[in-house]
$ cat start27.cif   # mmCIF, C-alpha atoms
data_work
#
loop_
_atom_site.label_atom_id
_atom_site.label_comp_id
_atom_site.auth_asym_id
_atom_site.auth_seq_id
_atom_site.Cartn_x
_atom_site.Cartn_y
_atom_site.Cartn_z
CA MET A 25 116.79 109.61 91.11
CA THR A 26 118.77 110.38 94.23
CA GLU A 27 119.42 113.96 95.25
CA ARG A 28 122.31 115.03 97.44
CA VAL A 29 121.49 117.71 100.04
CA LYS A 30 123.30 119.37 102.92
CA VAL A 31 120.23 119.44 105.15
CA ALA A 32 117.05 117.37 104.95
CA ILE A 33 114.22 118.51 107.20
CA VAL A 34 111.58 115.87 107.89
CA GLY A 35 108.21 117.42 108.79
CA SER A 36 106.72 120.87 108.23
CA GLY A 37 105.08 122.15 111.40
CA PRO A 38 106.36 125.26 113.21
CA ALA A 39 109.62 123.46 114.15
CA GLY A 40 110.50 122.16 110.69
CA LEU A 41 109.59 125.34 108.83
CA THR A 42 111.49 127.55 111.29
CA ALA A 43 114.53 125.30 110.81
CA ALA A 44 113.96 125.72 107.05
CA ILE A 45 113.84 129.52 107.26
CA TYR A 46 117.09 129.64 109.24
CA THR A 47 119.03 127.03 107.21
CA ALA A 48 117.83 128.56 103.93
CA ARG A 49 119.00 132.01 105.03
CA ALA A 50 122.34 130.41 105.88
CA ASN A 51 122.56 129.17 102.25
CA LEU A 52 122.36 125.52 103.22
CA GLU A 53 119.65 124.94 100.56
CA PRO A 54 117.48 122.69 102.75
CA VAL A 55 114.82 120.34 101.43
CA VAL A 56 111.71 120.03 103.58
CA ILE A 57 109.95 116.68 103.18
CA GLU A 58 106.65 118.08 104.37
CA GLY A 59 104.43 115.03 104.80
CA GLU A 60 101.31 113.75 103.11
CA ILE A 61 97.93 115.44 103.02
CA SER A 62 95.33 114.04 105.43
CA SER A 63 92.50 115.19 107.70
CA THR A 64 94.36 114.09 110.81
CA SER A 65 96.97 116.09 112.70
CA ASP A 66 99.74 114.16 110.88
CA GLN A 67 99.91 116.31 107.73
CA PRO A 68 101.85 119.18 106.10
CA GLY A 69 101.73 122.16 108.46
CA GLY A 70 101.17 119.87 111.42
CA GLN A 71 98.65 120.05 114.22
CA LEU A 72 97.90 123.76 113.71
CA MET A 73 96.25 122.94 110.37
CA LEU A 74 93.24 121.60 112.28
CA THR A 75 92.88 124.50 114.70
CA THR A 76 91.01 127.75 114.29
CA GLU A 77 92.16 130.90 116.02
CA ILE A 78 95.51 130.94 117.80
CA GLU A 79 95.42 133.65 120.44
CA ASN A 80 98.84 133.23 122.05
CA PHE A 81 101.35 133.23 119.20
CA PRO A 82 103.37 136.42 119.85
CA GLY A 83 103.18 139.11 117.19
CA PHE A 84 99.52 138.63 116.27
CA ILE A 85 97.63 141.03 118.53
CA ASN A 86 94.20 139.84 117.42
CA GLY A 87 95.11 136.20 116.88
CA ILE A 88 95.57 134.32 113.61
CA GLU A 89 94.02 131.20 112.06
CA GLY A 90 96.21 128.08 112.34
CA PRO A 91 96.30 127.25 108.59
CA GLU A 92 97.05 130.89 107.74
CA LEU A 93 99.97 130.99 110.19
CA MET A 94 101.43 127.80 108.73
CA GLY A 95 100.94 129.14 105.20
CA ASN A 96 103.01 132.16 106.23
CA PHE A 97 105.76 129.97 107.73
CA LYS A 98 105.96 128.00 104.50
CA ALA A 99 105.97 131.05 102.22
CA GLN A 100 108.73 132.60 104.32
CA ALA A 101 110.86 129.42 104.06
CA GLU A 102 110.30 129.30 100.28
CA ARG A 103 111.23 132.96 99.95
CA PHE A 104 114.75 132.05 101.10
CA GLY A 105 114.98 129.09 98.73
CA ALA A 106 113.92 126.14 100.88
CA LYS A 107 112.67 123.35 98.62
CA ILE A 108 109.39 121.77 99.71
CA HIS A 109 108.75 118.14 98.78
CA SER A 110 105.14 116.91 99.27
CA ALA A 111 105.65 113.35 100.46
CA LYS A 112 106.27 111.39 103.61
CA VAL A 113 109.60 109.89 104.53
CA SER A 114 108.92 106.16 104.27
CA ARG A 115 112.32 104.88 105.39
CA ALA A 116 115.47 106.32 106.92
CA ASP A 117 118.95 104.85 107.20
CA PHE A 118 121.13 106.55 109.81
CA SER A 119 123.63 103.68 110.07
CA GLN A 120 126.30 105.62 108.17
CA ARG A 121 126.93 109.13 106.90
CA PRO A 122 125.73 110.65 104.66
CA PHE A 123 122.23 109.60 105.72
CA LYS A 124 119.70 108.03 103.37
CA LEU A 125 116.01 108.92 103.15
CA TRP A 126 113.29 107.28 101.05
CA THR A 127 109.96 108.99 100.31
CA SER A 128 106.39 107.72 99.89
CA ASP A 129 106.12 108.89 96.26
CA GLN A 130 109.06 106.84 94.94
CA THR A 131 108.13 104.24 92.32
CA ASP A 132 111.56 102.62 92.42
CA GLU A 133 112.82 102.14 95.95
CA THR A 134 116.21 100.61 95.22
CA GLU A 135 117.91 103.99 95.66
CA PRO A 136 117.00 106.56 98.34
CA ALA A 137 115.30 109.83 97.30
CA TYR A 138 117.85 111.84 99.29
CA ILE A 139 121.38 111.49 100.53
CA ALA A 140 121.82 114.08 103.25
CA ASP A 141 124.85 115.34 105.16
CA SER A 142 122.58 116.18 108.08
CA VAL A 143 118.95 115.54 109.03
CA ILE A 144 116.57 117.57 111.16
CA ILE A 145 113.66 115.49 112.47
CA SER A 146 110.54 117.58 113.10
CA THR A 147 107.78 115.07 112.45
CA GLY A 148 105.77 116.22 115.47
CA ALA A 149 103.05 114.24 117.14
CA ARG A 150 99.61 113.08 116.11
CA SER A 151 96.33 112.80 118.01
CA LEU A 152 95.59 109.50 119.66
CA MET A 153 92.42 107.64 118.76
CA LEU A 154 90.46 105.56 121.29
CA GLY A 155 91.27 102.25 119.60
CA LEU A 156 87.68 101.01 119.82
CA ASP A 157 85.97 98.61 117.43
CA ARG A 158 84.52 100.36 114.36
CA GLU A 159 86.17 103.69 115.26
CA ILE A 160 87.97 104.02 111.90
CA GLU A 161 84.92 102.83 109.95
CA LEU A 162 82.76 105.51 111.63
CA ILE A 163 85.12 108.39 110.74
CA GLY A 164 83.00 110.68 108.59
CA HIS A 165 79.87 109.04 110.01
CA GLY A 166 79.85 110.59 113.46
CA VAL A 167 83.42 110.01 114.61
CA SER A 168 85.60 112.99 113.75
CA THR A 169 89.32 113.74 113.77
CA CYS A 170 88.76 117.42 112.91
CA ALA A 171 86.36 119.56 114.94
CA THR A 172 86.87 122.60 112.73
CA CYS A 173 85.98 120.56 109.62
CA ASP A 174 83.00 118.66 110.94
CA GLY A 175 81.43 120.74 113.74
CA PHE A 176 79.04 122.30 111.22
CA PHE A 177 77.26 118.98 110.61
CA PHE A 178 76.22 118.73 114.25
CA ARG A 179 74.12 121.87 114.39
CA GLY A 180 71.37 121.38 116.97
CA ARG A 181 72.58 117.88 117.87
CA GLU A 182 74.01 116.38 121.06
CA ILE A 183 77.63 115.29 120.79
CA ALA A 184 80.52 114.15 122.98
CA VAL A 185 84.14 115.24 123.31
CA VAL A 186 86.58 112.87 125.04
CA GLY A 187 89.54 114.24 127.02
CA GLY A 188 90.49 116.45 129.95
CA GLY A 189 93.35 118.54 128.54
CA ASP A 190 93.57 121.88 126.77
CA SER A 191 92.78 120.50 123.32
CA ALA A 192 89.63 118.80 124.64
CA MET A 193 88.48 122.08 126.26
CA GLU A 194 89.18 123.98 123.05
CA GLU A 195 87.25 121.50 120.92
CA ALA A 196 84.32 121.35 123.36
CA ILE A 197 84.04 125.16 123.49
CA PHE A 198 84.34 125.46 119.70
CA LEU A 199 81.66 122.81 119.17
CA THR A 200 79.12 124.64 121.35
CA LYS A 201 78.79 127.03 118.40
CA PHE A 202 76.91 124.24 116.60
CA ALA A 203 75.81 121.50 118.99
CA SER A 204 72.83 121.87 121.35
CA ARG A 205 74.81 120.05 124.06
CA VAL A 206 78.41 118.92 124.36
CA TYR A 207 79.17 116.12 126.83
CA LEU A 208 82.79 116.28 127.91
CA ILE A 209 83.91 112.78 128.88
CA VAL A 210 86.71 112.94 131.45
CA ARG A 211 88.56 109.89 132.78
CA ARG A 212 89.37 111.38 136.17
CA GLY A 213 87.53 113.51 138.73
CA GLU A 214 89.39 116.65 137.64
CA LEU A 215 90.60 118.39 134.49
CA ARG A 216 94.27 118.46 133.57
CA ALA A 217 93.69 121.47 131.30
CA SER A 218 95.18 124.87 132.13
CA LYS A 219 93.13 126.94 134.58
CA ILE A 220 91.90 129.45 132.00
CA MET A 221 90.71 126.76 129.57
CA ALA A 222 89.15 124.62 132.32
CA GLU A 223 87.24 127.61 133.65
CA ARG A 224 85.95 128.53 130.20
CA ALA A 225 84.66 124.99 129.70
CA ILE A 226 83.09 124.69 133.16
CA LYS A 227 81.32 128.05 132.80
CA ASN A 228 79.94 127.20 129.36
CA GLU A 229 76.25 126.37 129.79
CA LYS A 230 76.17 124.08 126.78
CA ILE A 231 78.93 121.83 128.17
CA THR A 232 78.09 119.00 130.56
CA ILE A 233 81.10 117.32 132.13
CA VAL A 234 80.81 113.56 132.71
CA TRP A 235 83.47 112.76 135.33
CA ASN A 236 85.33 109.48 135.94
CA SER A 237 84.22 107.96 132.66
CA VAL A 238 85.70 106.40 129.56
CA VAL A 239 84.09 105.54 126.22
CA SER A 240 83.92 101.75 125.99
CA LYS A 241 81.76 101.15 122.90
CA LEU A 242 80.48 102.90 119.78
CA ASN A 243 76.93 102.08 118.64
CA GLY A 244 75.20 102.67 115.31
CA GLU A 245 74.80 100.91 111.96
CA SER A 246 75.67 103.34 109.18
CA ALA A 247 76.34 106.27 111.52
CA LEU A 248 77.04 106.80 115.20
CA THR A 249 73.88 106.88 117.33
CA SER A 250 75.17 106.38 120.87
CA ILE A 251 78.23 105.60 122.95
CA GLU A 252 78.67 103.39 125.98
CA LEU A 253 80.42 104.95 128.96
CA THR A 254 82.13 102.95 131.69
CA ASN A 255 82.60 104.52 135.10
CA THR A 256 86.28 104.29 136.12
CA LEU A 257 85.43 104.07 139.85
CA ASP A 258 82.73 101.38 139.98
CA SER A 259 82.84 99.89 136.43
CA THR A 260 79.12 100.52 135.83
CA THR A 261 78.08 101.33 132.26
CA ARG A 262 75.53 103.71 130.78
CA GLN A 263 74.43 104.70 127.29
CA LEU A 264 74.69 108.24 126.01
CA ASP A 265 72.78 109.15 122.84
CA VAL A 266 75.09 111.29 120.73
CA SER A 267 75.48 111.53 116.97
CA GLY A 268 79.00 112.93 117.08
CA LEU A 269 82.20 111.96 118.88
CA PHE A 270 85.36 114.07 118.93
CA VAL A 271 88.47 112.55 120.48
CA ALA A 272 91.13 114.71 122.14
CA ILE A 273 92.88 112.37 124.58
CA GLY A 274 96.49 113.15 123.85
CA HIS A 275 99.29 112.62 121.38
CA VAL A 276 101.92 110.15 120.22
CA PRO A 277 105.17 111.20 118.54
CA ASN A 278 105.60 110.37 114.84
CA THR A 279 108.77 108.34 115.25
CA ASP A 280 107.79 104.91 113.88
CA ILE A 281 110.17 105.16 110.92
CA PHE A 282 113.12 105.99 113.20
CA GLN A 283 112.59 103.04 115.59
CA SER A 284 115.82 101.34 116.69
CA GLN A 285 117.98 103.86 114.81
CA ILE A 286 117.93 106.68 117.32
CA GLU A 287 117.54 106.91 121.08
CA MET A 288 113.97 107.46 122.30
CA ASP A 289 112.23 107.45 125.66
CA GLU A 290 109.69 104.78 126.62
CA ASN A 291 106.89 106.73 124.88
CA GLY A 292 108.75 107.07 121.59
CA TYR A 293 109.86 110.69 121.98
CA ILE A 294 113.34 111.35 120.60
CA ILE A 295 115.87 112.15 123.32
CA THR A 296 117.84 115.34 122.71
CA SER A 297 120.76 116.77 124.63
CA ASN A 298 123.07 119.78 124.41
CA GLY A 299 120.41 121.66 122.42
CA THR A 300 118.91 119.58 119.63
CA TYR A 301 121.59 116.84 119.26
CA THR A 302 120.28 113.26 119.16
CA SER A 303 122.10 109.97 119.76
CA VAL A 304 123.15 109.95 116.07
CA ASP A 305 125.88 112.46 115.18
CA GLY A 306 124.49 114.68 112.40
CA VAL A 307 120.82 114.01 113.17
CA PHE A 308 118.98 116.71 115.10
CA ALA A 309 115.43 116.82 116.47
CA CYS A 310 113.10 119.72 117.28
CA GLY A 311 109.46 120.41 118.10
CA ASP A 312 106.88 118.02 119.55
CA VAL A 313 108.77 114.92 118.37
CA GLN A 314 111.21 115.52 121.24
CA ASP A 315 108.99 117.56 123.60
CA HIS A 316 106.03 116.16 125.51
CA THR A 317 106.15 118.93 128.09
CA TYR A 318 105.54 122.31 126.44
CA ARG A 319 104.02 121.36 123.04
CA GLN A 320 103.36 124.93 121.88
CA ALA A 321 103.76 126.40 118.40
CA ILE A 322 106.15 128.99 119.80
CA THR A 323 108.34 126.46 121.66
CA ALA A 324 108.39 124.22 118.56
CA ALA A 325 109.45 127.20 116.42
CA GLY A 326 112.11 128.10 119.00
CA SER A 327 113.58 124.61 118.98
CA GLY A 328 113.48 124.60 115.16
CA CYS A 329 115.67 127.69 115.22
CA MET A 330 118.02 125.94 117.68
CA ALA A 331 118.26 122.90 115.39
CA ALA A 332 119.13 125.11 112.42
CA ILE A 333 121.92 126.82 114.36
CA ASP A 334 123.19 123.46 115.68
CA VAL A 335 123.22 122.01 112.14
CA GLU A 336 125.00 125.00 110.71
CA ARG A 337 127.79 124.80 113.33
CA TRP A 338 127.99 121.02 113.05
CA LEU A 339 128.37 121.17 109.24
CA GLU A 340 131.12 123.81 109.57
CA ASN A 341 133.06 121.51 111.89
CA GLN A 342 132.93 118.62 109.41
CA HIS A 343 135.44 120.23 107.07
CA MET B 24 86.48 122.73 88.67
CA LYS B 25 82.84 123.16 87.93
CA THR B 26 80.66 124.67 90.68
CA ILE B 27 77.73 122.41 91.50
CA THR B 28 74.66 123.54 93.43
CA ASP B 29 71.57 121.88 94.88
CA SER B 30 69.61 122.93 91.80
CA SER B 31 72.18 121.89 89.17
CA PHE B 32 73.20 118.61 90.80
CA ASN B 33 70.71 116.25 89.08
CA GLU B 34 71.34 117.75 85.67
CA GLU B 35 75.10 117.39 86.11
CA LEU B 36 74.67 113.71 86.95
CA ILE B 37 72.67 113.16 83.77
CA ASN B 38 75.20 114.99 81.61
CA ASN B 39 78.35 113.42 83.06
CA ASP B 40 78.83 109.65 83.06
CA LEU B 41 81.72 109.85 85.48
CA MET B 42 81.73 112.73 87.92
CA LEU B 43 83.67 113.32 91.13
CA VAL B 44 81.92 115.73 93.51
CA ASP B 45 84.00 117.47 96.19
CA PHE B 46 81.89 118.48 99.21
CA TRP B 47 83.73 121.39 100.79
CA ALA B 48 83.42 124.71 102.64
CA GLU B 49 85.40 127.90 102.96
CA TRP B 50 86.22 127.33 106.66
CA CYS B 51 87.66 123.84 106.22
CA GLY B 52 91.48 123.72 106.23
CA PRO B 53 91.94 120.20 104.80
CA CYS B 54 89.48 121.10 101.98
CA LYS B 55 91.88 123.79 100.83
CA LEU B 56 94.75 121.29 100.74
CA VAL B 57 92.82 118.84 98.61
CA ALA B 58 91.37 121.36 96.09
CA PRO B 59 94.57 121.84 94.03
CA ILE B 60 95.04 118.05 93.91
CA LEU B 61 91.53 117.62 92.49
CA GLU B 62 92.30 120.28 89.87
CA GLU B 63 95.37 118.27 88.84
CA ILE B 64 93.36 115.07 88.64
CA GLU B 65 90.77 116.86 86.50
CA ARG B 66 93.52 117.96 84.09
CA ASP B 67 95.14 114.49 84.02
CA LYS B 68 91.83 112.76 83.35
CA ALA B 69 90.31 115.38 81.02
CA GLY B 70 87.64 113.81 78.83
CA ALA B 71 87.21 110.79 81.09
CA LEU B 72 86.24 112.45 84.35
CA THR B 73 84.40 115.63 85.36
CA VAL B 74 85.26 117.14 88.73
CA GLY B 75 82.80 119.43 90.46
CA LYS B 76 82.78 121.22 93.80
CA LEU B 77 79.76 121.66 96.01
CA ASP B 78 79.87 124.24 98.81
CA ILE B 79 77.98 122.59 101.66
CA ASP B 80 77.31 125.95 103.34
CA GLU B 81 74.97 126.90 100.51
CA ASN B 82 73.92 123.48 99.25
CA LEU B 83 73.01 121.39 102.25
CA ASP B 84 70.28 119.40 100.44
CA VAL B 85 72.67 117.29 98.36
CA ALA B 86 75.05 116.92 101.32
CA ARG B 87 72.17 115.61 103.44
CA ARG B 88 70.94 113.29 100.71
CA PHE B 89 74.32 111.55 100.65
CA GLU B 90 74.77 111.75 104.43
CA VAL B 91 77.94 113.79 104.27
CA MET B 92 79.04 114.40 107.88
CA SER B 93 82.67 115.29 107.37
CA ILE B 94 84.49 117.44 104.84
CA PRO B 95 86.21 117.13 102.55
CA THR B 96 84.17 114.17 101.29
CA MET B 97 84.54 113.21 97.64
CA ILE B 98 81.92 111.00 96.01
CA LEU B 99 82.39 109.44 92.58
CA PHE B 100 79.18 109.06 90.56
CA LYS B 101 79.07 106.63 87.64
CA LYS B 102 75.99 107.02 85.45
CA GLY B 103 74.30 108.81 88.35
CA GLU B 104 75.08 106.21 91.02
CA PRO B 105 77.57 106.76 93.83
CA VAL B 106 80.32 104.13 93.37
CA ALA B 107 83.17 105.40 95.55
CA ARG B 108 83.45 107.65 98.57
CA ILE B 109 86.61 109.24 99.94
CA VAL B 110 86.39 110.86 103.38
CA GLY B 111 89.08 113.29 104.46
CA ALA B 112 91.96 114.96 102.65
CA LYS B 113 94.32 112.49 100.99
CA SER B 114 97.36 112.58 98.72
CA LYS B 115 96.95 112.49 94.94
CA ASN B 116 98.11 108.88 94.74
CA ALA B 117 95.69 107.78 97.46
CA ILE B 118 92.76 109.49 95.69
CA LEU B 119 93.69 108.00 92.31
CA ARG B 120 93.90 104.53 93.86
CA GLU B 121 90.27 104.86 95.02
CA LEU B 122 89.08 106.06 91.61
CA GLU B 123 91.12 103.83 89.31
CA SER B 124 88.86 100.79 89.09
CA HIS B 125 85.95 102.94 87.89
CA PHE B 126 87.52 104.32 84.71
#
$ encode --input "start27.cif" --output "structure tokens"
Amino acid sequence: MTERVKVAIVGSGPAGLTAAIYTARANLEPVVIEGEISSTSDQPGGQLMLTTEIENFPGFINGIEGPELMGNFKAQAERFGAKIHSAKVSRADFSQRPFKLWTSDQTDETEPAYIADSVIISTGARSLMLGLDREIELIGHGVSTCATCDGFFFRGREIAVVGGGDSAMEEAIFLTKFASRVYLIVRRGELRASKIMAERAIKNEKITIVWNSVVSKLNGESALTSIELTNTLDSTTRQLDVSGLFVAIGHVPNTDIFQSQIEMDENGYIITSNGTYTSVDGVFACGDVQDHTYRQAITAAGSGCMAAIDVERWLENQH
Amino acid sequence: MKTITDSSFNEELINNDLMLVDFWAEWCGPCKLVAPILEEIERDKAGALTVGKLDIDENLDVARRFEVMSIPTMILFKKGEPVARIVGAKSKNAILRELESHF
């Protein structure tokens, strides 16, 4: 059965839920198609669902847990009447207005699940994997997509974290609570993390940084036993015995379903201009799906608010 | 959902022909997302399937025995034997797809 809505919000991280709070308060009765549950960063609540304490979200003097913060965002949006739909958007048609959206839980896909006057895209970004042989098969057997979920199982063991940015530093530091040693595998001869995070990692006695190296192979039958590292300067290889591997090498935007319908940059990020307007009149974008520069919960929330205000004004001008 | 412990685990397997065990912990975000889905599945399949939860913080023996290294992990036991294993939080439909052939 197709439902007609004024605003459909696709994605439920800080950007999408802030847009929901604002559009719901403006009586636009938004529906938030929140995504599908998973243990990766592509899930309802977004990337913060896999983090622990967030120290820099303003208003929380002593920090707040990521899942708790997102639970609050959602409850606040629901308080003003936003409708939350637990599914993924499987297909979108922006070729004419009103826009059509199909969802992953539809049994009959002849008609769209929603016909929407306007759409706010806030599908965020997901963590990149290494793309190595057997990587997917070894998830849950040494390879992890969620340090906060799986760190516990590596108590007293030696493990590796791949990446040189802030998320890699955060995961490496968090994992020293359990692991006896954390090898931080860094592609270059320097860290691209912020100074404060880089310093914390370098000073941590349980972290050993392996410079100029990439993971080139995963070894182990039923579970990970070692990884092969290739030196990026001289191409030599070496084995490193670790039973756990945590990957934090960067992100890709979740824009696959919008391919060829909306203007994107060469990395798949949606291009916005004049606030949150996209190349399709009536479709707006906010949060990490259109921002590869700042990528913070607070900037995502801020752009979600902008999208809501842009939508509200745009809808008023349609009459 | 029934609470399963290291000491009750074997008995539960004997008493329940088809039992789904959810390995979880308090500090695991995705575990909290999947718990209400498992409760729904338990209601939908009442009589055919028992669903139990095992807190790995307090019951590491069973978790070790089945080499659980990531949570949530859900293992389906049929007449005491593990027949299906789901690693990571998943949607209701995705979980049911994994279980379906064992009913």
$ closest_atom_pairs --input "start27.cif" --of "chain B" --to "chain A" --cutoff "7 Å" --atoms "only C-alpha atoms" --output "Markdown table"
| residue | atom | partner | partner_atom | distance |
| --- | --- | --- | --- | --- |
| B:Cys51 | CA | A:Cys173 | CA | 5.0 |
| B:Gly52 | CA | A:Met73 | CA | 6.4 |
| B:Pro53 | CA | A:Ser63 | CA | 5.8 |
| B:Met92 | CA | A:Gly164 | CA | 5.5 |
| B:Ser93 | CA | A:Gly164 | CA | 4.8 |
| B:Ile94 | CA | A:Cys173 | CA | 5.9 |
| B:Val110 | CA | A:Gly164 | CA | 6.2 |
| B:Gly111 | CA | A:Ser63 | CA | 5.1 |
| B:Ala112 | CA | A:Ser62 | CA | 4.5 |
| B:Lys113 | CA | A:Ser62 | CA | 4.8 |
| B:Ser114 | CA | A:Ile61 | CA | 5.2 |
$ resolve_selection --input "start27.cif" --expression "the PyMOL selection byres ((chain A and resi 143-153) around 6)" --output "number ranges by chain"
A: 31-35, 40, 65-66, 142, 154-155, 274-278, 307-313
$ resolve_selection --input "start27.cif" --expression "the PyMOL selection byres ((chain A and resi 132-139) around 12)" --output "PyMOL selection string"
chain A and resi 25-34+54-57+109+111-118+120-131+140-143
$ resolve_selection --input "start27.cif" --expression "the PyMOL selection byres ((chain B and resi 125) around 12)" --output "ChimeraX atom specification"
/B:40-43,71-72,99-102,104-108,119-124,126
$ residues_around --input "start27.cif" --residues "Leu156 of chain A" --least-positions-apart "4" --cutoff "10 Å" --atoms "only C-alpha atoms" --output "list in words"
Ile160, Val239, Ser240, Lys241 and Leu242 of chain A
$ closest_residue --input "start27.cif" --among "A:Leu269, A:Gly328, A:Glu245, A:Asp157" --to "Glu195 of chain A" --atoms "all atoms listed in the file"
A:Leu269
$ residues_around --input "start27.cif" --residues "Ile109 of chain B" --least-positions-apart "3" --cutoff "8 Å" --atoms "all atoms listed in the file" --output "VMD selection string"
chain B and resid 96 to 98 118 121
$ build_atoms --input "start27.cif" --residues "segment 52-59 of chain B" --atoms "all heavy atoms" --output "short mmCIF file (atom, residue, chain, number, x, y, z; two decimals), in the coordinates of the input"
data_model
loop_
_atom_site.label_atom_id
_atom_site.label_comp_id
_atom_site.auth_asym_id
_atom_site.auth_seq_id
_atom_site.Cartn_x
_atom_site.Cartn_y
_atom_site.Cartn_z
N GLY B 52 90.06 123.71 106.60
CA GLY B 52 91.48 123.72 106.23
C GLY B 52 91.87 122.58 105.29
O GLY B 52 92.43 122.81 104.21
N PRO B 53 91.57 121.33 105.67
CA PRO B 53 91.94 120.20 104.80
C PRO B 53 91.29 120.28 103.41
O PRO B 53 91.86 119.78 102.45
CB PRO B 53 91.43 118.98 105.57
CG PRO B 53 91.48 119.40 107.01
CD PRO B 53 91.10 120.85 107.00
N CYS B 54 90.12 120.94 103.30
CA CYS B 54 89.48 121.10 101.98
C CYS B 54 90.38 121.92 101.06
O CYS B 54 90.47 121.66 99.86
CB CYS B 54 88.13 121.80 102.11
SG CYS B 54 86.92 120.87 103.04
N LYS B 55 91.03 122.92 101.64
CA LYS B 55 91.88 123.79 100.83
C LYS B 55 93.12 123.06 100.36
O LYS B 55 93.68 123.37 99.31
CB LYS B 55 92.27 125.03 101.63
CG LYS B 55 91.10 125.97 101.78
CD LYS B 55 91.43 127.20 102.56
CE LYS B 55 90.16 128.00 102.78
NZ LYS B 55 90.27 128.91 103.90
N LEU B 56 93.58 122.07 101.14
CA LEU B 56 94.75 121.29 100.74
C LEU B 56 94.41 120.36 99.58
O LEU B 56 95.24 120.09 98.72
CB LEU B 56 95.26 120.46 101.92
CG LEU B 56 95.84 121.21 103.11
CD1 LEU B 56 96.17 120.25 104.23
CD2 LEU B 56 97.09 121.97 102.69
N VAL B 57 93.18 119.86 99.58
CA VAL B 57 92.82 118.84 98.61
C VAL B 57 92.36 119.46 97.28
O VAL B 57 92.47 118.83 96.23
CB VAL B 57 91.76 117.88 99.23
CG1 VAL B 57 90.35 118.35 99.01
CG2 VAL B 57 91.95 116.47 98.72
N ALA B 58 91.91 120.73 97.31
CA ALA B 58 91.37 121.36 96.09
C ALA B 58 92.38 121.39 94.93
O ALA B 58 92.04 120.98 93.81
CB ALA B 58 90.85 122.76 96.41
N PRO B 59 93.63 121.84 95.16
CA PRO B 59 94.57 121.84 94.03
C PRO B 59 94.88 120.44 93.49
O PRO B 59 95.14 120.27 92.30
CB PRO B 59 95.84 122.48 94.60
CG PRO B 59 95.66 122.57 96.07
CD PRO B 59 94.20 122.48 96.35
#
